[in-house]
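Novice: So here's input24.json, just JSON, C-alpha atoms:
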```
[["chain", "number", "residue", "atom", "x", "y", "z"],
["A", 1, "MET", "CA", 94.95, 76.51, 108.73],
["A", 2, "LEU", "CA", 93.65, 76.83, 105.18],
["A", 3, "GLN", "CA", 92.48, 73.73, 103.40],
["A", 4, "PRO", "CA", 94.32, 73.07, 100.10],
["A", 5, "GLU", "CA", 91.38, 74.24, 97.94],
["A", 6, "HIS", "CA", 91.06, 77.39, 100.03],
["A", 7, "ALA", "CA", 94.81, 78.05, 99.82],
["A", 8, "THR", "CA", 94.61, 77.79, 96.03],
["A", 9, "ALA", "CA", 91.67, 80.21, 95.97],
["A", 10, "GLU", "CA", 93.55, 82.61, 98.28],
["A", 11, "LYS", "CA", 96.62, 82.52, 96.00],
["A", 12, "ALA", "CA", 94.48, 83.08, 92.89],
["A", 13, "SER", "CA", 92.71, 86.00, 94.53],
["A", 14, "LEU", "CA", 96.04, 87.47, 95.63],
["A", 15, "ALA", "CA", 97.49, 87.13, 92.13],
["A", 16, "ALA", "CA", 94.50, 89.01, 90.67],
["A", 17, "THR", "CA", 94.97, 91.93, 93.09],
["A", 18, "PRO", "CA", 96.74, 94.93, 91.50],
["A", 19, "CYS", "CA", 100.38, 95.25, 92.57],
["A", 20, "VAL", "CA", 101.86, 98.71, 93.18],
["A", 21, "LEU", "CA", 105.48, 99.50, 93.96],
["A", 22, "VAL", "CA", 106.21, 102.83, 95.63],
["A", 23, "ASP", "CA", 109.48, 104.62, 94.89],
["A", 24, "ALA", "CA", 109.35, 105.74, 98.51],
["A", 25, "LEU", "CA", 112.23, 108.20, 98.69],
["A", 26, "ASN", "CA", 111.06, 109.83, 95.44],
["A", 27, "VAL", "CA", 107.55, 110.22, 96.87],
["A", 28, "ALA", "CA", 109.00, 111.58, 100.13],
["A", 29, "TYR", "CA", 110.32, 114.58, 98.14],
["A", 30, "TRP", "CA", 106.97, 115.45, 96.50],
["A", 31, "SER", "CA", 106.50, 118.31, 98.99],
["A", 32, "GLY", "CA", 110.06, 119.56, 98.57],
["A", 33, "ASN", "CA", 113.12, 119.46, 100.77],
["A", 34, "PRO", "CA", 113.54, 118.03, 103.38],
["A", 35, "PRO", "CA", 111.84, 114.79, 102.37],
["A", 36, "SER", "CA", 109.11, 113.43, 104.61],
["A", 37, "LEU", "CA", 108.04, 109.86, 105.32],
["A", 38, "ARG", "CA", 104.55, 111.25, 105.84],
["A", 39, "LEU", "CA", 103.95, 111.15, 102.07],
["A", 40, "PRO", "CA", 104.89, 107.53, 101.22],
["A", 41, "LEU", "CA", 103.20, 106.39, 104.46],
["A", 42, "ALA", "CA", 99.91, 108.07, 103.49],
["A", 43, "LEU", "CA", 100.18, 106.70, 99.96],
["A", 44, "MET", "CA", 100.88, 103.17, 101.19],
["A", 45, "THR", "CA", 98.01, 103.29, 103.70],
["A", 46, "GLN", "CA", 95.57, 104.30, 100.97],
["A", 47, "LEU", "CA", 96.87, 101.72, 98.48],
["A", 48, "LEU", "CA", 96.37, 98.94, 101.03],
["A", 49, "ALA", "CA", 92.94, 100.29, 102.00],
["A", 50, "ASP", "CA", 91.97, 100.23, 98.30],
["A", 51, "GLY", "CA", 92.93, 96.55, 98.09],
["A", 52, "HIS", "CA", 96.26, 96.82, 96.29],
["A", 53, "ARG", "CA", 99.26, 94.64, 97.02],
["A", 54, "ALA", "CA", 101.93, 97.23, 97.71],
["A", 55, "LEU", "CA", 105.59, 97.53, 98.57],
["A", 56, "MET", "CA", 107.65, 100.61, 99.42],
["A", 57, "VAL", "CA", 111.21, 100.49, 98.09],
["A", 58, "PHE", "CA", 113.78, 102.84, 99.64],
["A", 59, "ASP", "CA", 117.29, 103.67, 98.43],
["A", 60, "ALA", "CA", 120.15, 102.73, 100.73],
["A", 61, "SER", "CA", 120.74, 106.47, 101.18],
["A", 62, "ALA", "CA", 117.31, 106.91, 102.83],
["A", 63, "PRO", "CA", 118.65, 106.86, 106.43],
["A", 64, "HIS", "CA", 120.89, 109.82, 105.58],
["A", 65, "GLN", "CA", 118.22, 111.72, 103.67],
["A", 66, "LEU", "CA", 115.60, 111.03, 106.34],
["A", 67, "LYS", "CA", 117.90, 111.67, 109.30],
["A", 68, "HIS", "CA", 115.23, 113.82, 111.01],
["A", 69, "GLU", "CA", 112.90, 110.75, 110.87],
["A", 70, "HIS", "CA", 115.57, 108.07, 111.33],
["A", 71, "ASP", "CA", 113.96, 106.25, 114.28],
["A", 72, "LEU", "CA", 110.59, 106.02, 112.57],
["A", 73, "TYR", "CA", 112.27, 104.86, 109.35],
["A", 74, "ARG", "CA", 113.99, 102.03, 111.22],
["A", 75, "GLN", "CA", 110.62, 100.99, 112.71],
["A", 76, "LEU", "CA", 109.08, 101.04, 109.24],
["A", 77, "LEU", "CA", 111.73, 98.64, 107.92],
["A", 78, "GLN", "CA", 110.51, 96.07, 110.46],
["A", 79, "HIS", "CA", 107.46, 95.62, 108.17],
["A", 80, "SER", "CA", 109.59, 93.77, 105.62],
["A", 81, "ASN", "CA", 106.61, 92.40, 103.67],
["A", 82, "HIS", "CA", 105.66, 95.96, 102.78],
["A", 83, "CYS", "CA", 108.89, 97.96, 102.98],
["A", 84, "ILE", "CA", 112.44, 97.24, 101.81],
["A", 85, "GLU", "CA", 115.70, 99.15, 101.56],
["A", 86, "THR", "CA", 118.05, 98.37, 98.72],
["A", 87, "PRO", "CA", 121.59, 97.36, 99.69],
["A", 88, "SER", "CA", 124.32, 99.99, 99.71],
["A", 89, "GLY", "CA", 125.68, 100.61, 96.23],
["A", 90, "ARG", "CA", 122.52, 99.28, 94.56],
["A", 91, "SER", "CA", 120.08, 101.63, 92.84],
["A", 92, "ALA", "CA", 116.48, 101.48, 94.02],
["A", 93, "ASP", "CA", 115.49, 102.34, 90.45],
["A", 94, "GLY", "CA", 116.87, 99.08, 89.09],
["A", 95, "VAL", "CA", 115.27, 97.08, 91.90],
["A", 96, "LEU", "CA", 111.90, 98.79, 91.33],
["A", 97, "LEU", "CA", 111.98, 98.12, 87.60],
["A", 98, "ARG", "CA", 113.05, 94.50, 88.11],
["A", 99, "LEU", "CA", 110.25, 93.95, 90.67],
["A", 100, "ALA", "CA", 107.73, 95.63, 88.36],
["A", 101, "ARG", "CA", 108.68, 93.29, 85.54],
["A", 102, "LEU", "CA", 108.67, 90.22, 87.79],
["A", 103, "ASN", "CA", 105.25, 91.02, 89.32],
["A", 104, "ALA", "CA", 103.53, 92.76, 86.36],
["A", 105, "ALA", "CA", 103.35, 95.69, 88.76],
["A", 106, "CYS", "CA", 103.12, 99.43, 88.33],
["A", 107, "ILE", "CA", 105.36, 102.01, 90.00],
["A", 108, "VAL", "CA", 104.41, 105.27, 91.72],
["A", 109, "SER", "CA", 107.21, 107.77, 91.13],
["A", 110, "ARG", "CA", 108.07, 110.98, 89.32],
["A", 111, "ASP", "CA", 111.31, 109.39, 88.12],
["A", 112, "HIS", "CA", 111.73, 108.91, 84.34],
["A", 113, "TYR", "CA", 114.27, 106.08, 84.78],
["A", 114, "ARG", "CA", 116.48, 107.40, 81.96],
["A", 115, "ASP", "CA", 119.49, 105.36, 83.14],
["A", 116, "HIS", "CA", 117.48, 102.16, 82.73],
["A", 117, "ARG", "CA", 115.74, 102.95, 79.47],
["A", 118, "ARG", "CA", 117.61, 100.46, 77.30],
["A", 119, "ARG", "CA", 116.83, 97.51, 79.54],
["A", 120, "TYR", "CA", 113.25, 98.45, 80.58],
["A", 121, "ARG", "CA", 112.02, 100.55, 77.62],
["A", 122, "LYS", "CA", 108.73, 98.65, 77.22],
["A", 123, "LEU", "CA", 107.87, 99.02, 80.90],
["A", 124, "ILE", "CA", 108.97, 102.68, 81.09],
["A", 125, "ASP", "CA", 106.96, 103.62, 77.98],
["A", 126, "ASP", "CA", 103.79, 101.92, 79.25],
["A", 127, "ALA", "CA", 101.64, 104.68, 80.79],
["A", 128, "SER", "CA", 99.68, 102.09, 82.77],
["A", 129, "ARG", "CA", 102.86, 101.03, 84.60],
["A", 130, "LEU", "CA", 104.36, 104.37, 85.74],
["A", 131, "HIS", "CA", 102.24, 106.76, 87.81],
["A", 132, "ALA", "CA", 103.23, 110.23, 88.96],
["A", 133, "GLY", "CA", 101.42, 112.36, 91.47],
["A", 134, "TRP", "CA", 101.55, 115.47, 93.61],
["A", 135, "VAL", "CA", 100.61, 116.93, 96.97],
["A", 136, "ARG", "CA", 97.92, 119.60, 97.20],
["A", 137, "ASP", "CA", 95.40, 120.73, 99.79],
["A", 138, "GLY", "CA", 96.64, 118.30, 102.44],
["A", 139, "CYS", "CA", 96.31, 115.23, 100.19],
["A", 140, "ILE", "CA", 98.62, 113.13, 98.07],
["A", 141, "HIS", "CA", 97.13, 112.59, 94.60],
["A", 142, "VAL", "CA", 97.90, 109.92, 92.00],
["A", 143, "PRO", "CA", 95.15, 110.52, 89.42],
["A", 144, "SER", "CA", 96.04, 107.62, 87.12],
["A", 145, "LEU", "CA", 95.32, 105.26, 90.04],
["A", 146, "ALA", "CA", 92.23, 107.27, 91.07],
["A", 147, "LEU", "CA", 93.94, 107.81, 94.40],
["A", 148, "SER", "CA", 93.65, 110.76, 96.72],
["A", 149, "ALA", "CA", 94.94, 110.16, 100.24],
["A", 150, "PRO", "CA", 94.73, 112.64, 103.11],
["A", 151, "LEU", "CA", 98.03, 113.45, 104.78],
["A", 152, "ALA", "CA", 98.21, 112.87, 108.52],
["A", 153, "ALA", "CA", 99.13, 115.81, 110.74],
["A", 154, "SER", "CA", 102.55, 114.29, 111.48],
["A", 155, "THR", "CA", 104.84, 111.52, 110.32],
["A", 156, "GLU", "CA", 104.20, 109.67, 113.59],
["A", 157, "ALA", "CA", 100.43, 109.83, 112.99],
["A", 158, "ALA", "CA", 100.93, 108.60, 109.39],
["A", 159, "PHE", "CA", 103.00, 105.67, 110.69],
["A", 160, "GLN", "CA", 100.29, 104.75, 113.20],
["A", 161, "GLN", "CA", 97.65, 104.86, 110.43],
["A", 162, "LEU", "CA", 99.76, 102.53, 108.30],
["A", 163, "CYS", "CA", 100.28, 100.14, 111.24],
["A", 164, "ARG", "CA", 96.50, 100.02, 111.83],
["A", 165, "GLN", "CA", 95.95, 99.32, 108.13],
["A", 166, "LEU", "CA", 98.54, 96.54, 108.15],
["A", 167, "GLN", "CA", 96.84, 94.96, 111.18],
["A", 168, "SER", "CA", 93.50, 95.01, 109.38],
["A", 169, "LEU", "CA", 94.80, 93.09, 106.37],
["A", 170, "PRO", "CA", 93.44, 89.57, 106.08],
["A", 171, "SER", "CA", 95.83, 86.93, 107.26],
["A", 172, "ILE", "CA", 96.98, 84.46, 104.61],
["A", 173, "ASN", "CA", 97.96, 81.18, 106.16],
["A", 174, "SER", "CA", 99.27, 79.57, 102.99],
["A", 175, "ALA", "CA", 102.97, 78.87, 103.21],
["A", 176, "ALA", "CA", 103.21, 79.63, 99.49],
["A", 177, "ALA", "CA", 102.07, 83.25, 99.83],
["A", 178, "VAL", "CA", 103.85, 86.05, 101.64],
["A", 179, "ALA", "CA", 101.76, 88.74, 103.30],
["A", 180, "SER", "CA", 102.35, 91.29, 100.55],
["A", 181, "GLY", "CA", 101.93, 88.79, 97.73],
["A", 182, "ILE", "CA", 104.87, 90.37, 95.93],
["A", 183, "ARG", "CA", 107.59, 88.10, 94.62],
["A", 184, "LEU", "CA", 111.03, 89.40, 95.43],
["A", 185, "PRO", "CA", 114.01, 88.45, 93.29],
["A", 186, "SER", "CA", 116.65, 86.23, 94.78],
["A", 187, "ALA", "CA", 119.07, 87.91, 97.17],
["A", 188, "GLU", "CA", 121.85, 87.98, 94.59],
["A", 189, "ALA", "CA", 119.56, 89.78, 92.10],
["A", 190, "VAL", "CA", 118.89, 92.58, 94.60],
["A", 191, "THR", "CA", 122.42, 92.90, 95.95]]
```
The structure in this file should be written as structure tokens.
Specialist:
Amino acid sequence: MLQPEHATAEKASLAATPCVLVDALNVAYWSGNPPSLRLPLALMTQLLADGHRALMVFDASAPHQLKHEHDLYRQLLQHSNHCIETPSGRSADGVLLRLARLNAACIVSRDHYRDHRRRYRKLIDDASRLHAGWVRDGCIHVPSLALSAPLAASTEAAFQQLCRQLQSLPSINSAAAVASGIRLPSAEAVT
């Protein structure tokens, strides 16, 4: 159990760690159709390895779009501190932008968020908050984050790499801090 002064130091350290939100279904399409979980999994593994607080956000339509990887997707959702699915009828874009504002986070996506421009113009126009990337030569690249992550040979291998990375994260025993360190809006704000 952490002593109170250590818990405060842990929370301060966690708050200073860069927070990255991954528009996971968008990233899954960076290699074309059909989408592949291999891409957001590799990206997430590298973000965590680089010391970022990170969260993958999936649209409610992800199970249908990832039907060829459905079982693995369901397993991924069990890591709820690092992966969420928006409720049916709710846009992942709005949830991502709301979380980015709430956590002073950046977003990895190729989306331009045109439908949300009026409400989130300042965030959308800030080049340090939206990061696009691509896949080339067996790696996923996000240059504005100085990130280049090798792609695993298969989605299953990418999932195993992420699981190993999650197990290697330091445990935070403070009741005030969740494992990801990302504040989620109240349930009614997401639904």
Novice: Scan for residues within 6 Å of the point (103.1, 94.1, 100.7) in the coordinates of the file, using all atoms listed in the file, and reply as a list in words.
Specialist: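 Answer for this query, in the requested form: Arg53, Ala54, Leu55, Asn81, His82 and Ser180 of chain A.
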Novice: Applying 12 Å and all atoms listed in the file, which residues near Ser168 of chain A remain after dropping the ones on its own chain fewer than 2 positions away? List them as a list in words.
Specialist: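 Skipping anything fewer than 2 positions along the chain leaves Thr45, Leu48, Ala49, Gly51, Gln161, Leu162, Cys163, Arg164, Gln165, Leu166, Pro170 and Ser171 of chain A.
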Novice: Can you tell me how far atom CA of Leu145 of chain A sits from atom CA of His131 of chain A, in Å to one decimal?
Specialist: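 Going from atom CA of Leu145 of chain A over to atom CA of His131 of chain A covers 7.4 Å.
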Novice: Calculate how many Å separate atom CA of Leu96 of chain A from atom CA of Gly138 of chain A, rounding to one decimal.
Specialist: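 Interatomic distance here is 27.1 Å.
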Novice: Can you tell me, as AutoDock Vina command-line options, the centre and edge lengths (Å, one decimal) of the axis-aligned box enclosing all of segment 36-45 of chain A's listed atoms after padding each side by 3 Å?
Specialist:
```
--center_x 103.6 --center_y 108.3 --center_z 102.9 --size_x 17.1 --size_y 16.3 --size_z 11.9
```
Novice: Restore N, CA and C atoms in segment 43-71 of chain A and list the result as a PDB file, in the coordinates of the input.
Specialist:
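Dumped to result_20.pdb:
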```pdb
ATOM      1  N   LEU A  43     100.425 107.379 101.225  1.00  0.00           N
ATOM      2  CA  LEU A  43     100.180 106.700  99.960  1.00  0.00           C
ATOM      3  C   LEU A  43     100.018 105.196 100.171  1.00  0.00           C
ATOM      4  N   MET A  44     100.923 104.610 100.927  1.00  0.00           N
ATOM      5  CA  MET A  44     100.880 103.170 101.190  1.00  0.00           C
ATOM      6  C   MET A  44      99.610 102.786 101.943  1.00  0.00           C
ATOM      7  N   THR A  45      99.230 103.570 102.940  1.00  0.00           N
ATOM      8  CA  THR A  45      98.010 103.290 103.700  1.00  0.00           C
ATOM      9  C   THR A  45      96.806 103.264 102.783  1.00  0.00           C
ATOM     10  N   GLN A  46      96.719 104.236 101.877  1.00  0.00           N
ATOM     11  CA  GLN A  46      95.570 104.300 100.970  1.00  0.00           C
ATOM     12  C   GLN A  46      95.603 103.163  99.943  1.00  0.00           C
ATOM     13  N   LEU A  47      96.767 102.839  99.431  1.00  0.00           N
ATOM     14  CA  LEU A  47      96.870 101.720  98.480  1.00  0.00           C
ATOM     15  C   LEU A  47      96.365 100.424  99.110  1.00  0.00           C
ATOM     16  N   LEU A  48      96.800 100.159 100.333  1.00  0.00           N
ATOM     17  CA  LEU A  48      96.370  98.940 101.030  1.00  0.00           C
ATOM     18  C   LEU A  48      94.872  98.988 101.325  1.00  0.00           C
ATOM     19  N   ALA A  49      94.367 100.141 101.715  1.00  0.00           N
ATOM     20  CA  ALA A  49      92.940 100.290 102.000  1.00  0.00           C
ATOM     21  C   ALA A  49      92.111 100.055 100.737  1.00  0.00           C
ATOM     22  N   ASP A  50      92.674 100.422  99.579  1.00  0.00           N
ATOM     23  CA  ASP A  50      91.970 100.230  98.300  1.00  0.00           C
ATOM     24  C   ASP A  50      92.122  98.815  97.763  1.00  0.00           C
ATOM     25  N   GLY A  51      92.827  97.950  98.493  1.00  0.00           N
ATOM     26  CA  GLY A  51      92.930  96.550  98.090  1.00  0.00           C
ATOM     27  C   GLY A  51      94.123  96.199  97.225  1.00  0.00           C
ATOM     28  N   HIS A  52      95.071  97.113  97.081  1.00  0.00           N
ATOM     29  CA  HIS A  52      96.260  96.820  96.290  1.00  0.00           C
ATOM     30  C   HIS A  52      97.266  96.022  97.106  1.00  0.00           C
ATOM     31  N   ARG A  53      98.039  95.174  96.434  1.00  0.00           N
ATOM     32  CA  ARG A  53      99.260  94.640  97.020  1.00  0.00           C
ATOM     33  C   ARG A  53     100.279  95.743  96.819  1.00  0.00           C
ATOM     34  N   ALA A  54     101.026  96.093  97.829  1.00  0.00           N
ATOM     35  CA  ALA A  54     101.930  97.230  97.710  1.00  0.00           C
ATOM     36  C   ALA A  54     103.220  97.010  98.481  1.00  0.00           C
ATOM     37  N   LEU A  55     104.270  97.625  97.958  1.00  0.00           N
ATOM     38  CA  LEU A  55     105.590  97.530  98.570  1.00  0.00           C
ATOM     39  C   LEU A  55     106.290  98.873  98.389  1.00  0.00           C
ATOM     40  N   MET A  56     106.825  99.412  99.483  1.00  0.00           N
ATOM     41  CA  MET A  56     107.650 100.610  99.420  1.00  0.00           C
ATOM     42  C   MET A  56     109.103 100.179  99.270  1.00  0.00           C
ATOM     43  N   VAL A  57     109.795 100.793  98.323  1.00  0.00           N
ATOM     44  CA  VAL A  57     111.210 100.490  98.090  1.00  0.00           C
ATOM     45  C   VAL A  57     112.005 101.770  98.335  1.00  0.00           C
ATOM     46  N   PHE A  58     112.938 101.701  99.279  1.00  0.00           N
ATOM     47  CA  PHE A  58     113.780 102.840  99.640  1.00  0.00           C
ATOM     48  C   PHE A  58     115.201 102.617  99.149  1.00  0.00           C
ATOM     49  N   ASP A  59     115.867 103.699  98.743  1.00  0.00           N
ATOM     50  CA  ASP A  59     117.290 103.670  98.430  1.00  0.00           C
ATOM     51  C   ASP A  59     118.078 103.448  99.712  1.00  0.00           C
ATOM     52  N   ALA A  60     119.278 102.917  99.568  1.00  0.00           N
ATOM     53  CA  ALA A  60     120.150 102.730 100.730  1.00  0.00           C
ATOM     54  C   ALA A  60     120.506 104.065 101.379  1.00  0.00           C
ATOM     55  N   SER A  61     120.408 105.150 100.632  1.00  0.00           N
ATOM     56  CA  SER A  61     120.740 106.470 101.180  1.00  0.00           C
ATOM     57  C   SER A  61     119.601 107.052 102.021  1.00  0.00           C
ATOM     58  N   ALA A  62     118.477 106.385 102.098  1.00  0.00           N
ATOM     59  CA  ALA A  62     117.310 106.910 102.830  1.00  0.00           C
ATOM     60  C   ALA A  62     117.624 107.276 104.280  1.00  0.00           C
ATOM     61  N   PRO A  63     118.376 106.471 105.042  1.00  0.00           N
ATOM     62  CA  PRO A  63     118.650 106.860 106.430  1.00  0.00           C
ATOM     63  C   PRO A  63     119.345 108.221 106.540  1.00  0.00           C
ATOM     64  N   HIS A  64     120.186 108.538 105.568  1.00  0.00           N
ATOM     65  CA  HIS A  64     120.890 109.820 105.580  1.00  0.00           C
ATOM     66  C   HIS A  64     119.962 110.959 105.154  1.00  0.00           C
ATOM     67  N   GLN A  65     119.126 110.680 104.163  1.00  0.00           N
ATOM     68  CA  GLN A  65     118.220 111.720 103.670  1.00  0.00           C
ATOM     69  C   GLN A  65     117.034 111.943 104.601  1.00  0.00           C
ATOM     70  N   LEU A  66     116.717 110.938 105.393  1.00  0.00           N
ATOM     71  CA  LEU A  66     115.600 111.030 106.340  1.00  0.00           C
ATOM     72  C   LEU A  66     116.107 111.088 107.776  1.00  0.00           C
ATOM     73  N   LYS A  67     117.269 111.701 107.970  1.00  0.00           N
ATOM     74  CA  LYS A  67     117.900 111.670 109.300  1.00  0.00           C
ATOM     75  C   LYS A  67     117.004 112.271 110.386  1.00  0.00           C
ATOM     76  N   HIS A  68     116.149 113.221 110.035  1.00  0.00           N
ATOM     77  CA  HIS A  68     115.230 113.820 111.010  1.00  0.00           C
ATOM     78  C   HIS A  68     114.088 112.850 111.370  1.00  0.00           C
ATOM     79  N   GLU A  69     113.932 111.763 110.600  1.00  0.00           N
ATOM     80  CA  GLU A  69     112.900 110.750 110.870  1.00  0.00           C
ATOM     81  C   GLU A  69     113.522 109.361 110.978  1.00  0.00           C
ATOM     82  N   HIS A  70     114.791 109.316 111.325  1.00  0.00           N
ATOM     83  CA  HIS A  70     115.570 108.070 111.330  1.00  0.00           C
ATOM     84  C   HIS A  70     114.936 106.965 112.177  1.00  0.00           C
ATOM     85  N   ASP A  71     114.512 107.276 113.390  1.00  0.00           N
ATOM     86  CA  ASP A  71     113.960 106.250 114.280  1.00  0.00           C
ATOM     87  C   ASP A  71     112.681 105.649 113.696  1.00  0.00           C
TER      88      ASP A  71
END
```
